[in-house]
>>> print(open('upload_28.cif').read())   # mmCIF, C-alpha atoms and all ligand atoms
data_coords
#
loop_
_atom_site.group_PDB
_atom_site.id
_atom_site.type_symbol
_atom_site.label_atom_id
_atom_site.label_comp_id
_atom_site.auth_asym_id
_atom_site.auth_seq_id
_atom_site.Cartn_x
_atom_site.Cartn_y
_atom_site.Cartn_z
ATOM 1 C CA MET A 5 71.533 94.214 -30.256
ATOM 2 C CA GLN A 6 69.000 96.404 -32.034
ATOM 3 C CA GLY A 7 66.053 95.066 -33.946
ATOM 4 C CA LYS A 8 62.452 95.484 -34.968
ATOM 5 C CA ILE A 9 59.538 93.504 -33.548
ATOM 6 C CA ILE A 10 57.796 91.937 -36.517
ATOM 7 C CA LYS A 11 55.495 89.428 -34.828
ATOM 8 C CA ILE A 12 53.922 88.850 -31.434
ATOM 9 C CA ILE A 13 52.218 85.657 -30.323
ATOM 10 C CA SER A 14 51.191 85.909 -26.672
ATOM 11 C CA ASN A 15 54.507 86.627 -24.883
ATOM 12 C CA ASN A 16 56.796 85.629 -27.690
ATOM 13 C CA PHE A 17 58.196 88.584 -29.567
ATOM 14 C CA THR A 18 59.896 87.928 -32.876
ATOM 15 C CA VAL A 19 62.660 90.471 -33.251
ATOM 16 C CA LEU A 20 64.347 90.889 -36.602
ATOM 17 C CA ALA A 21 67.995 91.899 -36.547
ATOM 18 C CA ASP A 22 70.604 90.009 -38.587
ATOM 19 C CA LYS A 23 68.115 87.153 -38.291
ATOM 20 C CA GLU A 24 64.926 86.485 -36.348
ATOM 21 C CA TYR A 25 65.151 86.088 -32.565
ATOM 22 C CA ILE A 26 62.215 84.975 -30.479
ATOM 23 C CA CYS A 27 62.435 86.959 -27.275
ATOM 24 C CA GLY A 28 60.590 87.526 -24.049
ATOM 25 C CA ALA A 29 60.054 90.944 -22.549
ATOM 26 C CA ARG A 30 61.357 92.290 -19.285
ATOM 27 C CA GLY A 31 58.933 92.367 -16.383
ATOM 28 C CA LYS A 32 59.591 96.067 -16.058
ATOM 29 C CA PHE A 33 57.531 96.768 -19.144
ATOM 30 C CA ARG A 34 54.505 95.259 -17.460
ATOM 31 C CA ASN A 35 55.132 97.342 -14.368
ATOM 32 C CA LEU A 36 55.443 100.449 -16.508
ATOM 33 C CA LYS A 37 52.286 99.388 -18.346
ATOM 34 C CA ILE A 38 54.108 99.448 -21.669
ATOM 35 C CA THR A 39 53.382 96.650 -24.072
ATOM 36 C CA PRO A 40 55.965 96.076 -26.750
ATOM 37 C CA LEU A 41 54.232 96.384 -30.113
ATOM 38 C CA VAL A 42 54.838 95.117 -33.587
ATOM 39 C CA GLY A 43 56.814 97.869 -35.293
ATOM 40 C CA ASP A 44 58.781 98.767 -32.175
ATOM 41 C CA GLU A 45 62.502 99.312 -32.476
ATOM 42 C CA VAL A 46 64.063 97.525 -29.518
ATOM 43 C CA THR A 47 67.333 96.766 -27.808
ATOM 44 C CA PHE A 48 67.584 93.122 -26.824
ATOM 45 C CA ASP A 49 69.985 90.626 -25.313
ATOM 46 C CA GLU A 50 70.536 88.090 -28.075
ATOM 47 C CA LYS A 51 71.901 85.451 -25.684
ATOM 48 C CA LYS A 52 69.233 85.696 -23.008
ATOM 49 C CA LYS A 53 66.618 86.366 -25.686
ATOM 50 C CA ILE A 54 65.059 89.214 -23.826
ATOM 51 C CA ILE A 55 63.904 92.671 -24.861
ATOM 52 C CA LEU A 56 65.625 95.288 -22.734
ATOM 53 C CA GLN A 57 64.437 98.586 -24.104
ATOM 54 C CA ILE A 58 61.872 100.045 -26.471
ATOM 55 C CA SER A 59 62.872 103.094 -28.509
ATOM 56 C CA SER A 60 60.512 106.025 -28.390
ATOM 57 C CA ARG A 61 57.666 105.707 -30.858
ATOM 58 C CA LYS A 62 56.729 107.937 -33.754
ATOM 59 C CA ASN A 63 53.079 106.903 -33.278
ATOM 60 C CA SER A 64 51.026 103.870 -32.371
ATOM 61 C CA LEU A 65 47.610 102.425 -33.018
ATOM 62 C CA ILE A 66 45.420 100.403 -30.719
ATOM 63 C CA ARG A 67 43.763 98.238 -33.333
ATOM 64 C CA PRO A 68 45.727 96.769 -34.898
ATOM 65 C CA PRO A 69 48.359 97.298 -32.199
ATOM 66 C CA ILE A 70 51.294 98.615 -34.214
ATOM 67 C CA ALA A 71 53.946 101.230 -33.559
ATOM 68 C CA ASN A 72 55.904 103.501 -35.886
ATOM 69 C CA ILE A 73 53.505 103.450 -38.809
ATOM 70 C CA ASP A 74 54.765 105.489 -41.746
ATOM 71 C CA GLN A 75 51.762 105.404 -44.002
ATOM 72 C CA ALA A 76 48.267 104.079 -44.513
ATOM 73 C CA LEU A 77 47.103 102.717 -47.835
ATOM 74 C CA ILE A 78 43.376 103.373 -48.135
ATOM 75 C CA VAL A 79 41.922 100.846 -50.546
ATOM 76 C CA VAL A 80 38.676 102.021 -52.116
ATOM 77 C CA SER A 81 36.599 99.957 -54.526
ATOM 78 C CA VAL A 82 34.646 101.836 -57.151
ATOM 79 C CA LYS A 83 32.054 99.037 -57.350
ATOM 80 C CA GLU A 84 31.148 95.911 -55.353
ATOM 81 C CA PRO A 85 31.130 97.415 -52.738
ATOM 82 C CA ASN A 86 30.081 100.716 -54.276
ATOM 83 C CA LEU A 87 32.327 103.747 -54.180
ATOM 84 C CA ASP A 88 32.096 105.172 -50.670
ATOM 85 C CA LEU A 89 33.582 108.663 -50.572
ATOM 86 C CA TYR A 90 32.154 109.175 -47.096
ATOM 87 C CA LEU A 91 34.378 106.426 -45.752
ATOM 88 C CA LEU A 92 37.338 107.684 -47.782
ATOM 89 C CA ASP A 93 37.002 111.211 -46.387
ATOM 90 C CA LYS A 94 36.544 109.882 -42.886
ATOM 91 C CA LEU A 95 39.671 107.750 -43.121
ATOM 92 C CA LEU A 96 41.669 110.609 -44.635
ATOM 93 C CA CYS A 97 40.611 112.888 -41.822
ATOM 94 C CA LEU A 98 41.410 110.342 -39.087
ATOM 95 C CA ILE A 99 44.703 109.262 -40.581
ATOM 96 C CA GLU A 100 45.877 112.855 -41.076
ATOM 97 C CA PHE A 101 44.896 113.563 -37.476
ATOM 98 C CA ASN A 102 47.097 110.675 -36.313
ATOM 99 C CA ASN A 103 50.073 112.072 -38.243
ATOM 100 C CA ILE A 104 50.250 109.160 -40.604
ATOM 101 C CA LYS A 105 50.597 109.728 -44.335
ATOM 102 C CA PRO A 106 47.517 108.532 -46.238
ATOM 103 C CA ILE A 107 47.819 107.089 -49.738
ATOM 104 C CA ILE A 108 44.766 106.222 -51.836
ATOM 105 C CA CYS A 109 44.325 103.205 -54.083
ATOM 106 C CA PHE A 110 41.143 102.694 -56.114
ATOM 107 C CA THR A 111 40.229 99.163 -57.164
ATOM 108 C CA LYS A 112 37.790 97.366 -59.492
ATOM 109 C CA LEU A 113 37.759 100.020 -62.213
ATOM 110 C CA ASP A 114 37.342 97.089 -64.605
ATOM 111 C CA LEU A 115 33.754 96.764 -63.318
ATOM 112 C CA LEU A 116 32.787 100.256 -64.505
ATOM 113 C CA ASP A 117 31.434 100.997 -67.975
ATOM 114 C CA ASP A 118 32.330 104.665 -67.818
ATOM 115 C CA LEU A 119 35.494 105.885 -66.122
ATOM 116 C CA LYS A 120 34.829 109.613 -66.486
ATOM 117 C CA GLU A 121 33.451 110.200 -63.015
ATOM 118 C CA ILE A 122 36.110 108.183 -61.186
ATOM 119 C CA LYS A 123 38.915 109.880 -63.128
ATOM 120 C CA LYS A 124 37.517 113.233 -62.062
ATOM 121 C CA ILE A 125 37.524 112.084 -58.455
ATOM 122 C CA GLU A 126 41.064 110.708 -58.730
ATOM 123 C CA ASP A 127 42.228 114.036 -60.160
ATOM 124 C CA TYR A 128 40.603 115.931 -57.323
ATOM 125 C CA TYR A 129 42.322 113.954 -54.570
ATOM 126 C CA ARG A 130 45.600 114.244 -56.471
ATOM 127 C CA LYS A 131 45.158 117.974 -56.838
ATOM 128 C CA ILE A 132 44.713 118.465 -53.100
ATOM 129 C CA GLY A 133 47.990 116.676 -52.475
ATOM 130 C CA TYR A 134 47.376 112.972 -52.106
ATOM 131 C CA GLU A 135 49.129 110.167 -53.918
ATOM 132 C CA VAL A 136 46.430 108.321 -55.834
ATOM 133 C CA TYR A 137 46.858 104.948 -57.497
ATOM 134 C CA GLU A 138 44.752 102.275 -59.117
ATOM 135 C CA ASN A 139 45.417 98.685 -58.088
ATOM 136 C CA LYS A 140 46.624 97.845 -61.589
ATOM 137 C CA ASP A 141 49.306 100.566 -61.556
ATOM 138 C CA GLU A 142 52.846 99.240 -61.556
ATOM 139 C CA SER A 143 53.981 102.497 -59.975
ATOM 140 C CA ILE A 144 52.320 101.621 -56.662
ATOM 141 C CA LYS A 145 55.160 99.163 -56.044
ATOM 142 C CA LYS A 146 57.555 101.942 -55.214
ATOM 143 C CA ILE A 147 55.687 103.251 -52.157
ATOM 144 C CA PHE A 148 56.554 100.401 -49.786
ATOM 145 C CA LYS A 149 60.345 100.615 -49.593
ATOM 146 C CA ASN A 150 61.659 101.133 -46.029
ATOM 147 C CA LYS A 151 58.179 101.955 -44.771
ATOM 148 C CA ILE A 152 55.665 100.396 -42.400
ATOM 149 C CA THR A 153 52.339 100.471 -44.207
ATOM 150 C CA VAL A 154 48.943 99.768 -42.694
ATOM 151 C CA PHE A 155 45.979 98.977 -44.937
ATOM 152 C CA ALA A 156 42.565 100.505 -44.498
ATOM 153 C CA GLY A 157 39.293 100.153 -46.366
ATOM 154 C CA GLN A 158 36.046 98.239 -46.423
ATOM 155 C CA SER A 159 35.760 94.531 -46.409
ATOM 156 C CA GLY A 160 35.811 93.323 -49.990
ATOM 157 C CA ALA A 161 37.556 96.431 -51.316
ATOM 158 C CA GLY A 162 40.453 94.298 -52.496
ATOM 159 C CA LYS A 163 43.209 94.808 -49.920
ATOM 160 C CA SER A 164 44.395 91.208 -49.790
ATOM 161 C CA THR A 165 44.046 90.856 -53.552
ATOM 162 C CA LEU A 166 46.283 93.887 -54.007
ATOM 163 C CA LEU A 167 48.889 92.511 -51.624
ATOM 164 C CA ASN A 168 48.874 89.207 -53.450
ATOM 165 C CA ILE A 169 49.395 90.980 -56.773
ATOM 166 C CA LEU A 170 52.242 93.023 -55.336
ATOM 167 C CA ASP A 171 53.922 89.954 -53.907
ATOM 168 C CA ASN A 172 52.483 86.630 -54.949
ATOM 169 C CA SER A 173 54.505 84.767 -52.337
ATOM 170 C CA LEU A 174 52.284 86.276 -49.611
ATOM 171 C CA ASN A 175 49.370 84.055 -50.596
ATOM 172 C CA LEU A 176 46.816 85.916 -48.485
ATOM 173 C CA GLN A 177 43.247 84.728 -48.299
ATOM 174 C CA THR A 178 40.833 86.761 -50.321
ATOM 175 C CA ASN A 179 37.155 87.206 -49.747
ATOM 176 C CA ASP A 180 35.841 84.258 -51.694
ATOM 177 C CA ILE A 181 37.771 81.763 -49.609
ATOM 178 C CA SER A 182 37.057 83.307 -46.230
ATOM 179 C CA LYS A 183 33.357 83.419 -47.134
ATOM 180 C CA ALA A 184 33.438 79.728 -47.846
ATOM 181 C CA LEU A 185 34.952 79.076 -44.448
ATOM 182 C CA GLY A 186 32.301 81.181 -42.772
ATOM 183 C CA ARG A 187 33.069 84.775 -41.906
ATOM 184 C CA GLY A 188 33.795 85.838 -38.392
ATOM 185 C CA LYS A 189 35.339 82.532 -37.443
ATOM 186 C CA HIS A 190 38.839 83.828 -37.860
ATOM 187 C CA THR A 191 39.694 85.811 -34.840
ATOM 188 C CA THR A 192 43.186 87.016 -35.472
ATOM 189 C CA ARG A 193 45.055 86.443 -32.248
ATOM 190 C CA HIS A 194 48.292 87.979 -33.358
ATOM 191 C CA VAL A 195 49.545 90.821 -35.477
ATOM 192 C CA SER A 196 52.549 90.535 -37.696
ATOM 193 C CA LEU A 197 54.411 92.630 -40.188
ATOM 194 C CA LEU A 198 54.859 91.042 -43.575
ATOM 195 C CA PRO A 199 57.858 91.934 -45.690
ATOM 196 C CA ILE A 200 56.740 93.614 -48.869
ATOM 197 C CA LEU A 201 58.797 95.221 -51.624
ATOM 198 C CA GLY A 202 61.579 96.342 -49.321
ATOM 199 C CA GLY A 203 59.263 97.468 -46.523
ATOM 200 C CA TRP A 204 56.694 96.091 -44.125
ATOM 201 C CA CYS A 205 52.948 95.911 -44.045
ATOM 202 C CA ALA A 206 50.417 94.846 -41.465
ATOM 203 C CA ASP A 207 48.195 91.938 -42.398
ATOM 204 C CA THR A 208 45.187 93.276 -40.476
ATOM 205 C CA PRO A 209 43.067 96.147 -41.754
ATOM 206 C CA GLY A 210 43.525 99.150 -39.551
ATOM 207 C CA PHE A 211 41.718 102.154 -38.184
ATOM 208 C CA SER A 212 38.467 100.448 -37.282
ATOM 209 C CA SER A 213 38.974 101.532 -33.689
ATOM 210 C CA LEU A 214 39.447 105.180 -34.585
ATOM 211 C CA ASN A 215 36.479 107.463 -34.704
ATOM 212 C CA LEU A 216 35.756 111.095 -35.157
ATOM 213 C CA ASN A 217 34.436 111.499 -31.626
ATOM 214 C CA GLU A 218 37.971 112.071 -30.444
ATOM 215 C CA MET A 219 38.319 115.003 -32.801
ATOM 216 C CA SER A 220 37.138 118.510 -32.084
ATOM 217 C CA HIS A 221 35.384 120.549 -34.766
ATOM 218 C CA SER A 222 38.534 122.460 -35.504
ATOM 219 C CA ASP A 223 40.543 119.220 -35.708
ATOM 220 C CA ILE A 224 38.097 118.049 -38.362
ATOM 221 C CA LYS A 225 38.412 121.343 -40.213
ATOM 222 C CA ASP A 226 42.214 121.329 -40.081
ATOM 223 C CA ASN A 227 42.376 117.814 -41.479
ATOM 224 C CA PHE A 228 40.395 118.645 -44.600
ATOM 225 C CA VAL A 229 43.699 119.661 -46.086
ATOM 226 C CA GLU A 230 42.461 121.653 -49.061
ATOM 227 C CA PHE A 231 40.395 124.017 -46.907
ATOM 228 C CA ASN A 232 43.664 125.350 -45.527
ATOM 229 C CA LEU A 233 44.557 126.695 -48.975
ATOM 230 C CA TYR A 234 41.608 129.057 -49.162
ATOM 231 C CA ARG A 235 40.561 129.849 -45.622
ATOM 232 C CA ASP A 236 42.549 133.103 -45.495
ATOM 233 C CA LYS A 237 39.911 134.575 -47.763
ATOM 234 C CA CYS A 238 37.014 133.702 -45.462
ATOM 235 C CA ALA A 239 35.626 136.791 -43.756
ATOM 236 C CA TYR A 240 36.051 135.326 -40.289
ATOM 237 C CA LYS A 241 39.473 134.219 -39.175
ATOM 238 C CA ASP A 242 38.062 131.183 -37.382
ATOM 239 C CA CYS A 243 35.477 130.415 -40.067
ATOM 240 C CA MET A 244 34.152 126.860 -39.803
ATOM 241 C CA HIS A 245 32.894 127.074 -43.401
ATOM 242 C CA ASP A 246 29.508 126.059 -42.111
ATOM 243 C CA LYS A 247 26.811 128.616 -41.341
ATOM 244 C CA GLU A 248 29.040 131.668 -41.745
ATOM 245 C CA ASP A 249 28.417 134.029 -44.625
ATOM 246 C CA ASP A 250 31.232 135.331 -46.791
ATOM 247 C CA CYS A 251 33.031 131.987 -46.776
ATOM 248 C CA GLU A 252 35.634 131.256 -49.440
ATOM 249 C CA ILE A 253 35.205 127.488 -49.161
ATOM 250 C CA LYS A 254 31.496 127.757 -49.912
ATOM 251 C CA ARG A 255 32.204 130.159 -52.778
ATOM 252 C CA ARG A 256 34.526 127.615 -54.345
ATOM 253 C CA LEU A 257 32.109 124.710 -53.901
ATOM 254 C CA GLY A 258 31.653 122.735 -57.107
ATOM 255 C CA LYS A 259 34.620 124.554 -58.629
ATOM 256 C CA ASP A 260 37.774 124.081 -56.568
ATOM 257 C CA ILE A 261 36.114 122.092 -53.792
ATOM 258 C CA LEU A 262 34.500 118.751 -54.591
ATOM 259 C CA GLU A 263 30.889 118.849 -53.412
ATOM 260 C CA SER A 264 31.029 115.441 -51.756
ATOM 261 C CA ARG A 265 34.061 116.551 -49.729
ATOM 262 C CA TYR A 266 32.204 119.513 -48.365
ATOM 263 C CA GLU A 267 29.040 117.497 -47.678
ATOM 264 C CA ASN A 268 31.038 114.888 -45.785
ATOM 265 C CA TYR A 269 32.814 117.607 -43.836
ATOM 266 C CA ILE A 270 29.487 119.013 -42.681
ATOM 267 C CA LYS A 271 28.296 115.532 -41.731
ATOM 268 C CA PHE A 272 31.416 115.016 -39.638
ATOM 269 C CA LEU A 273 30.871 118.334 -37.882
ATOM 270 C CA ARG A 274 27.357 117.225 -37.004
ATOM 271 C CA LYS A 275 28.910 113.946 -35.837
ATOM 272 C CA GLU A 276 26.380 111.946 -37.694
ATOM 273 C CA LYS A 277 26.410 108.306 -36.847
ATOM 274 C CA ILE A 278 29.428 106.969 -38.658
HETATM 275 N N1 LIG B 301 36.795 92.794 -60.730
HETATM 276 C C1 LIG B 301 37.685 92.985 -59.744
HETATM 277 N N2 LIG B 301 37.597 92.252 -58.625
HETATM 278 C C2 LIG B 301 38.514 92.477 -57.644
HETATM 279 C C3 LIG B 301 39.543 93.456 -57.778
HETATM 280 N N3 LIG B 301 40.268 93.462 -56.642
HETATM 281 C C4 LIG B 301 39.706 92.529 -55.840
HETATM 282 N N4 LIG B 301 38.661 91.923 -56.431
HETATM 283 C C5 LIG B 301 37.782 90.876 -55.866
HETATM 284 O O1 LIG B 301 37.079 91.407 -54.733
HETATM 285 C C6 LIG B 301 36.875 90.391 -53.753
HETATM 286 C C7 LIG B 301 37.329 90.890 -52.403
HETATM 287 O O2 LIG B 301 38.718 91.081 -52.398
HETATM 288 P P1 LIG B 301 39.644 90.933 -51.080
HETATM 289 O O3 LIG B 301 41.044 91.191 -51.541
HETATM 290 O O4 LIG B 301 39.391 89.680 -50.366
HETATM 291 O O5 LIG B 301 39.099 92.145 -50.204
HETATM 292 P P2 LIG B 301 39.659 92.675 -48.795
HETATM 293 O O6 LIG B 301 39.695 94.149 -48.882
HETATM 294 O O7 LIG B 301 40.935 91.997 -48.458
HETATM 295 O O8 LIG B 301 38.491 92.238 -47.813
HETATM 296 P P3 LIG B 301 38.584 91.906 -46.230
HETATM 297 O O9 LIG B 301 39.746 90.979 -46.023
HETATM 298 O O10 LIG B 301 37.263 91.283 -45.932
HETATM 299 O O11 LIG B 301 38.747 93.216 -45.526
HETATM 300 C C8 LIG B 301 37.626 89.161 -54.237
HETATM 301 O O12 LIG B 301 36.687 88.272 -54.819
HETATM 302 C C9 LIG B 301 38.559 89.692 -55.313
HETATM 303 O O13 LIG B 301 38.842 88.751 -56.312
HETATM 304 C C10 LIG B 301 39.599 94.212 -59.010
HETATM 305 O O14 LIG B 301 40.436 95.091 -59.230
HETATM 306 N N5 LIG B 301 38.638 93.922 -59.954
HETATM 307 MG MG MG B 302 41.472 90.739 -46.844
HETATM 308 ZN ZN ZN B 303 34.938 129.683 -44.524
#
>>> encode(input="upload_28.cif", output="structure tokens", more="lines below")
Ligand SMILES: Nc1nc2c(ncn2[C@@H]2O[C@H](COP(=O)(O)OP(=O)(O)OP(=O)(O)O)[C@@H](O)[C@H]2O)c(=O)[nH]1
Ligand SMILES: [Mg+2]
Ligand SMILES: [Zn+2]
Amino acid sequence: MQGKIIKIISNNFTVLADKEYICGARGKFRNLKITPLVGDEVTFDEKKKIILQISSRKNSLIRPPIANIDQALIVVSVKEPNLDLYLLDKLLCLIEFNNIKPIICFTKLDLLDDLKEIKKIEDYYRKIGYEVYENKDESIKKIFKNKITVFAGQSGAGKSTLLNILDNSLNLQTNDISKALGRGKHTTRHVSLLPILGGWCADTPGFSSLNLNEMSHSDIKDNFVEFNLYRDKCAYKDCMHDKEDDCEIKRRLGKDILESRYENYIKFLRKEKI
């Protein structure tokens, strides 16, 4: 039978096919140094309850350990914690680099007195090709169908709150409660995929293990997607848009290129402590 691993607790793999089967894994996987991951499409023996084969993966992450991720929802609060475009640009760059589709969701706009600045920022990220939502938008519900979604974003940004709004049967803990219990006490020992709106999402925030050190300067440049639109007009074919003169990206700064994007790009090139 074919199925998808949706939960792993030590050596028990929950495989979803027509129903859930709790399976073991063949010893050969250990010998091959392959660990079946949540998100894996597998062939299994439903009588012996054993996973026989893992289909080749589209991608995989180390932390959280998940395979075949379709998209990452980056949750960004505009206040409490304050808007952090540095983190947003870093996550966009890393997620693009890992060939996962990033989607942006801003939260806590109700805490702002003036929405002008944030609307300008939303428009910018939309203009350069990203899907941008606010957590109150009904339209965000449509993005989950048939997809595996991983959440990213700072602690307190409102990831669990958003999930609870999207599907109130999930009943995830939000910050206030976990604070009361004392933070850091919950070491999540397992990863699972939760069903959400016709798709799946991981209950652990992702991408904390990724960092820009694995990316070369030109990887960083290539994953600032809007630079690719204009770079043909830079004087040098391999322009890094940094110290070069006659650079189209720098000419468009403050007009077509958001200043904070460019500043963050330069910081990433310098590999400032992230
Ligand atoms: N005013 C306001 N508060 C919000 C909004 N979204 C979330 N919150 C609050 O922000 C706090 C943190 O939300 P969580 O959903 O726990 O944040 P999280 O991103 O899951 O945090 P971690 O699990 O620590 O990574 C909670 O007290 C929420 O009630 C919002 O849109 N507006
Ligand atoms: Mg949470
Ligand atoms: Zn340039």
>>> resolve_selection(input="upload_28.cif", expression="the PyMOL selection byres (((chain A and resi 116-128) around 10) and not hetatm)", output="CSV table (one decimal) with C-alpha atoms, in the frame of the given file")
chain,number,residue,atom,x,y,z
A,82,VAL,CA,34.6,101.8,-57.2
A,83,LYS,CA,32.1,99.0,-57.4
A,87,LEU,CA,32.3,103.7,-54.2
A,89,LEU,CA,33.6,108.7,-50.6
A,108,ILE,CA,44.8,106.2,-51.8
A,109,CYS,CA,44.3,103.2,-54.1
A,110,PHE,CA,41.1,102.7,-56.1
A,112,LYS,CA,37.8,97.4,-59.5
A,113,LEU,CA,37.8,100.0,-62.2
A,114,ASP,CA,37.3,97.1,-64.6
A,115,LEU,CA,33.8,96.8,-63.3
A,129,TYR,CA,42.3,114.0,-54.6
A,130,ARG,CA,45.6,114.2,-56.5
A,131,LYS,CA,45.2,118.0,-56.8
A,132,ILE,CA,44.7,118.5,-53.1
A,133,GLY,CA,48.0,116.7,-52.5
A,134,TYR,CA,47.4,113.0,-52.1
A,135,GLU,CA,49.1,110.2,-53.9
A,136,VAL,CA,46.4,108.3,-55.8
A,137,TYR,CA,46.9,104.9,-57.5
A,138,GLU,CA,44.8,102.3,-59.1
A,260,ASP,CA,37.8,124.1,-56.6
A,261,ILE,CA,36.1,122.1,-53.8
A,262,LEU,CA,34.5,118.8,-54.6
A,264,SER,CA,31.0,115.4,-51.8
>>> residues_near_ligand(input="upload_28.cif", ligand="ligand MG 302 (chain B)", cutoff="6 Å", atoms="only C-alpha atoms and all ligand atoms", output="JSON, numbers by chain")
{"A": [163, 164, 178]}
>>> resolve_selection(input="upload_28.cif", expression="the PyMOL selection byres (((chain A and resi 148) around 8) and not hetatm)", output="PyMOL selection string")
chain A and resi 145-147+149-153+200-204
>>> closest_residue(input="upload_28.cif", among="A:Cys251, A:Ile58, A:Ile104, A:Leu197", to="Leu174 of chain A", atoms="all atoms listed in the file")
A:Leu197
>>> residues_around(input="upload_28.cif", residues="Ile54 of chain A", least_positions_apart="3", cutoff="8 Å", atoms="all atoms listed in the file", output="ChimeraX atom specification")
/A:27-30,48-50
>>> axis_aligned_box(input="upload_28.cif", around="segment 60-68 of chain A", padding_each_side="5 Å", output="AutoDock Vina command-line options")
--center_x 52.1 --center_y 102.4 --center_z -31.6 --size_x 26.7 --size_y 21.2 --size_z 16.5
>>> resolve_selection(input="upload_28.cif", expression="the PyMOL selection byres (((not hetatm)) within 8 of (chain B and resi 301))", output="PyMOL selection string")
chain A and resi 79+81+84+111-115+139-140+157-167+177-180+182+209
